[in-house]
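Undergrad: File work-v4.cif follows (mmCIF, C-alpha atoms):
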```
data_my_file
loop_
_atom_site.group_PDB
_atom_site.id
_atom_site.type_symbol
_atom_site.label_atom_id
_atom_site.label_comp_id
_atom_site.auth_asym_id
_atom_site.auth_seq_id
_atom_site.Cartn_x
_atom_site.Cartn_y
_atom_site.Cartn_z
ATOM 1 C CA MET A 13 100.042 94.018 95.148
ATOM 2 C CA THR A 14 96.282 93.775 94.798
ATOM 3 C CA LYS A 15 94.717 90.359 94.905
ATOM 4 C CA LYS A 16 93.136 89.354 91.610
ATOM 5 C CA ARG A 17 89.387 89.813 91.744
ATOM 6 C CA GLU A 18 87.766 86.424 91.332
ATOM 7 C CA SER A 19 84.808 86.356 88.988
ATOM 8 C CA THR A 20 81.659 84.794 90.381
ATOM 9 C CA GLY A 21 80.605 83.636 86.937
ATOM 10 C CA PHE A 22 77.409 85.643 87.301
ATOM 11 C CA LEU A 23 76.775 89.354 87.726
ATOM 12 C CA ILE A 24 79.193 91.707 89.444
ATOM 13 C CA LYS A 25 79.297 91.879 93.243
ATOM 14 C CA GLN A 26 78.159 95.052 95.008
ATOM 15 C CA ARG A 27 81.562 95.715 96.605
ATOM 16 C CA ALA A 28 83.384 95.577 93.255
ATOM 17 C CA PHE A 29 80.738 97.870 91.754
ATOM 18 C CA LEU A 30 81.184 100.383 94.574
ATOM 19 C CA LYS A 31 84.987 100.233 94.395
ATOM 20 C CA LEU A 32 84.802 101.068 90.697
ATOM 21 C CA TYR A 33 82.708 104.172 91.351
ATOM 22 C CA ILE A 34 84.797 105.165 94.363
ATOM 23 C CA LEU A 35 88.011 104.980 92.330
ATOM 24 C CA THR A 36 86.518 107.012 89.499
ATOM 25 C CA SER A 37 85.230 109.675 91.928
ATOM 26 C CA ILE A 38 88.549 109.934 93.729
ATOM 27 C CA GLU A 39 90.513 110.051 90.458
ATOM 28 C CA LYS A 40 88.549 113.153 89.506
ATOM 29 C CA GLU A 41 89.177 114.962 92.813
ATOM 30 C CA ARG A 42 90.051 114.293 96.453
ATOM 31 C CA TRP A 43 86.964 113.072 98.267
ATOM 32 C CA TYR A 44 85.841 111.987 101.663
ATOM 33 C CA GLY A 45 83.510 109.091 102.381
ATOM 34 C CA MET A 46 80.258 110.966 102.975
ATOM 35 C CA GLN A 47 80.683 112.939 99.732
ATOM 36 C CA ILE A 48 81.083 109.677 97.837
ATOM 37 C CA LEU A 49 78.057 108.153 99.582
ATOM 38 C CA ASP A 50 75.873 111.189 98.798
ATOM 39 C CA GLU A 51 77.052 111.240 95.174
ATOM 40 C CA LEU A 52 76.341 107.538 94.652
ATOM 41 C CA LYS A 53 72.946 107.669 96.357
ATOM 42 C CA ALA A 54 71.883 110.552 94.112
ATOM 43 C CA ALA A 55 73.223 108.865 90.966
ATOM 44 C CA PHE A 56 71.533 105.511 91.584
ATOM 45 C CA ARG A 57 68.311 106.514 93.358
ATOM 46 C CA PRO A 58 66.406 106.634 90.025
ATOM 47 C CA PHE A 59 67.299 102.949 89.560
ATOM 48 C CA GLY A 60 66.101 101.898 93.013
ATOM 49 C CA TYR A 61 69.609 101.323 94.378
ATOM 50 C CA GLU A 62 70.901 103.139 97.429
ATOM 51 C CA PRO A 63 74.316 102.021 98.708
ATOM 52 C CA GLN A 64 74.653 101.763 102.472
ATOM 53 C CA HIS A 65 77.115 103.798 104.534
ATOM 54 C CA SER A 66 78.796 100.642 105.815
ATOM 55 C CA GLU A 67 79.347 99.254 102.296
ATOM 56 C CA ILE A 68 81.007 102.470 101.108
ATOM 57 C CA TYR A 69 83.432 102.394 104.040
ATOM 58 C CA ARG A 70 84.138 98.671 103.621
ATOM 59 C CA ALA A 71 85.002 99.311 99.975
ATOM 60 C CA LEU A 72 87.196 102.287 100.934
ATOM 61 C CA HIS A 73 88.985 100.192 103.562
ATOM 62 C CA ASP A 74 89.562 97.377 101.044
ATOM 63 C CA LEU A 75 91.131 99.863 98.629
ATOM 64 C CA LEU A 76 93.313 101.245 101.439
ATOM 65 C CA GLU A 77 94.441 97.752 102.480
ATOM 66 C CA ASP A 78 95.201 96.874 98.849
ATOM 67 C CA GLY A 79 97.490 99.912 98.637
ATOM 68 C CA ILE A 80 95.423 101.552 95.904
ATOM 69 C CA LEU A 81 94.224 104.490 98.021
ATOM 70 C CA THR A 82 95.763 106.625 100.702
ATOM 71 C CA ARG A 83 93.934 108.529 103.451
ATOM 72 C CA LYS A 84 94.826 111.834 105.071
ATOM 73 C CA LYS A 85 92.957 113.687 107.819
ATOM 74 C CA ILE A 86 92.238 117.381 107.289
ATOM 75 C CA ILE A 87 90.144 120.006 109.083
ATOM 76 C CA GLU A 88 86.758 120.310 107.388
ATOM 77 C CA GLU A 89 86.152 123.547 105.507
ATOM 78 C CA GLY A 90 84.263 126.057 107.636
ATOM 79 C CA SER A 91 85.160 124.237 110.856
ATOM 80 C CA ARG A 92 87.894 124.879 113.367
ATOM 81 C CA TYR A 93 88.249 121.374 114.737
ATOM 82 C CA LYS A 94 86.193 118.819 112.816
ATOM 83 C CA GLU A 95 88.477 116.404 110.989
ATOM 84 C CA VAL A 96 87.525 114.459 107.892
ATOM 85 C CA ALA A 97 89.450 111.714 106.130
ATOM 86 C CA VAL A 98 90.270 112.623 102.539
ATOM 87 C CA TYR A 99 91.116 109.827 100.114
ATOM 88 C CA SER A 100 93.380 109.962 97.078
ATOM 89 C CA VAL A 101 94.774 107.431 94.625
ATOM 90 C CA LYS A 102 98.140 106.143 95.829
ATOM 91 C CA ASN A 103 98.877 103.615 93.095
ATOM 92 C CA LYS A 104 97.461 104.622 89.698
ATOM 93 C CA ASP A 105 98.655 101.423 88.014
ATOM 94 C CA GLU A 106 96.857 99.226 90.567
ATOM 95 C CA ALA A 107 93.721 101.384 90.272
ATOM 96 C CA LYS A 108 93.793 101.030 86.485
ATOM 97 C CA ALA A 109 94.340 97.256 86.719
ATOM 98 C CA TYR A 110 91.431 96.858 89.167
ATOM 99 C CA LYS A 111 89.127 98.905 86.945
ATOM 100 C CA LYS A 112 90.123 96.760 83.953
ATOM 101 C CA LEU A 113 89.119 93.586 85.839
ATOM 102 C CA VAL A 114 85.778 95.081 86.820
ATOM 103 C CA LYS A 115 85.190 96.249 83.239
ATOM 104 C CA ALA A 116 85.558 92.656 82.036
ATOM 105 C CA ASP A 117 82.977 91.529 84.633
ATOM 106 C CA LEU A 118 80.599 94.339 83.625
ATOM 107 C CA ASP A 119 80.902 93.438 79.942
ATOM 108 C CA ARG A 120 80.168 89.783 80.694
ATOM 109 C CA GLY A 121 77.249 90.757 82.950
ATOM 110 C CA GLU A 122 75.822 93.014 80.257
ATOM 111 C CA GLN A 123 75.895 90.114 77.789
ATOM 112 C CA LEU A 124 74.141 87.845 80.309
ATOM 113 C CA LEU A 125 71.405 90.424 80.897
ATOM 114 C CA ARG A 126 70.907 91.058 77.176
ATOM 115 C CA LYS A 127 70.581 87.310 76.582
ATOM 116 C CA ALA A 128 68.056 86.960 79.419
ATOM 117 C CA LEU A 129 65.983 89.854 78.051
ATOM 118 C CA LYS A 130 66.071 88.463 74.516
ATOM 119 C CA ASP A 131 65.328 84.872 75.550
ATOM 120 C CA ASN A 132 62.517 85.699 77.948
ATOM 121 C CA PHE A 133 60.888 88.888 76.662
ATOM 122 C CA SER A 134 61.179 88.818 72.862
#
```
Could you write out this file's structure as C-alpha cells?
TA:
Amino acid sequence: MTKKRESTGFLIKQRAFLKLYILTSIEKERWYGMQILDELKAAFRPFGYEPQHSEIYRALHDLLEDGILTRKKIIEEGSRYKEVAVYSVKNKDEAKAYKKLVKADLDRGEQLLRKALKDNFS
C-alpha cells in the first residue's frame, strides 16, 4: 500500500511532479529511465526546467518500492548484450490513486499562483 502523499501546504514538490509524469509516460508504453529523462527534458526545456538524472531514478525507485511499478531487464534493441531496465505499471489502482493526490496538489498550487499574479501584478 502506498503511503499517503503529505501536502506541504505550498506548491508541489519536484519528486511528486516527476512521479506524475513518469507514471503517465509508462502508462502509455513501456519505458526505460533514459527515455523518460530525455522526454521530460525536451518537454520542459522551454520553461527553464531540466530534471536531473538522479531525480528521475529516485522517483522511479520510489514508485518501485511503493509497488506501483515493476522493472524487467531486457536486451536493448540493436544490441547483443546491453541490458536496459524497462518499467511498467504493476498496480493500476495505486497509480490512479497517486495521480489523484497529485492532481489535488496541482489544483491548489494553480490557485495559489493565480492569486499571487492577481494580487501582485494586476
Undergrad: The PyMOL selection byres ((chain A and resi 72) around 10) - which residues does that actually catch in the file I just gave you? List them as a ChimeraX atom specification.
TA: /A:27,30-31,34-35,44-45,66-71,73-78,80-83,99
Undergrad: Return the padded bounding box of range 26-32 of chain A as AutoDock Vina command-line options: axis-aligned, built from all atoms listed in the file, 6 Å added on each side, with centre and edge lengths in Å to one decimal.
TA:
```
--center_x 81.6 --center_y 98.1 --center_z 93.7 --size_x 18.8 --size_y 18.0 --size_z 17.9
```
Undergrad: Do a neighbour search on Leu49 in chain A at 8 Å with all atoms listed in the file, toss out local chain neighbours closer than 6 positions, and write the hits as a list in words.
TA: Pro63, Gln64, His65 and Ile68 of chain A
Undergrad: I need the residues from that last selection saved to file as a PDB file, keeping the file's coordinate frame (with C-alpha atoms), if you can.
TA:
```
ATOM      1  CA  PRO A  63      74.316 102.021  98.708  1.00  0.00           C
ATOM      2  CA  GLN A  64      74.653 101.763 102.472  1.00  0.00           C
ATOM      3  CA  HIS A  65      77.115 103.798 104.534  1.00  0.00           C
ATOM      4  CA  ILE A  68      81.007 102.470 101.108  1.00  0.00           C
TER       5      ILE A  68
END
```
Undergrad: When you look at Glu95 in chain A with a cut-off of 7 Å (counting all atoms listed in the file), what residues show up, excluding the ones that are within fewer than 2 positions of it in the same chain? I need them as a list in words.
TA: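 My reading of the contact set: Lys85, Ile86, Ile87, Glu88, Tyr93 and Ala97 of chain A.
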Undergrad: Suppose you want the space between CA of Arg57 in chain A and CA of Arg42 in chain A; what is it in Å?
TA: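 Going from CA of Arg57 in chain A over to CA of Arg42 in chain A covers 23.3 Å.
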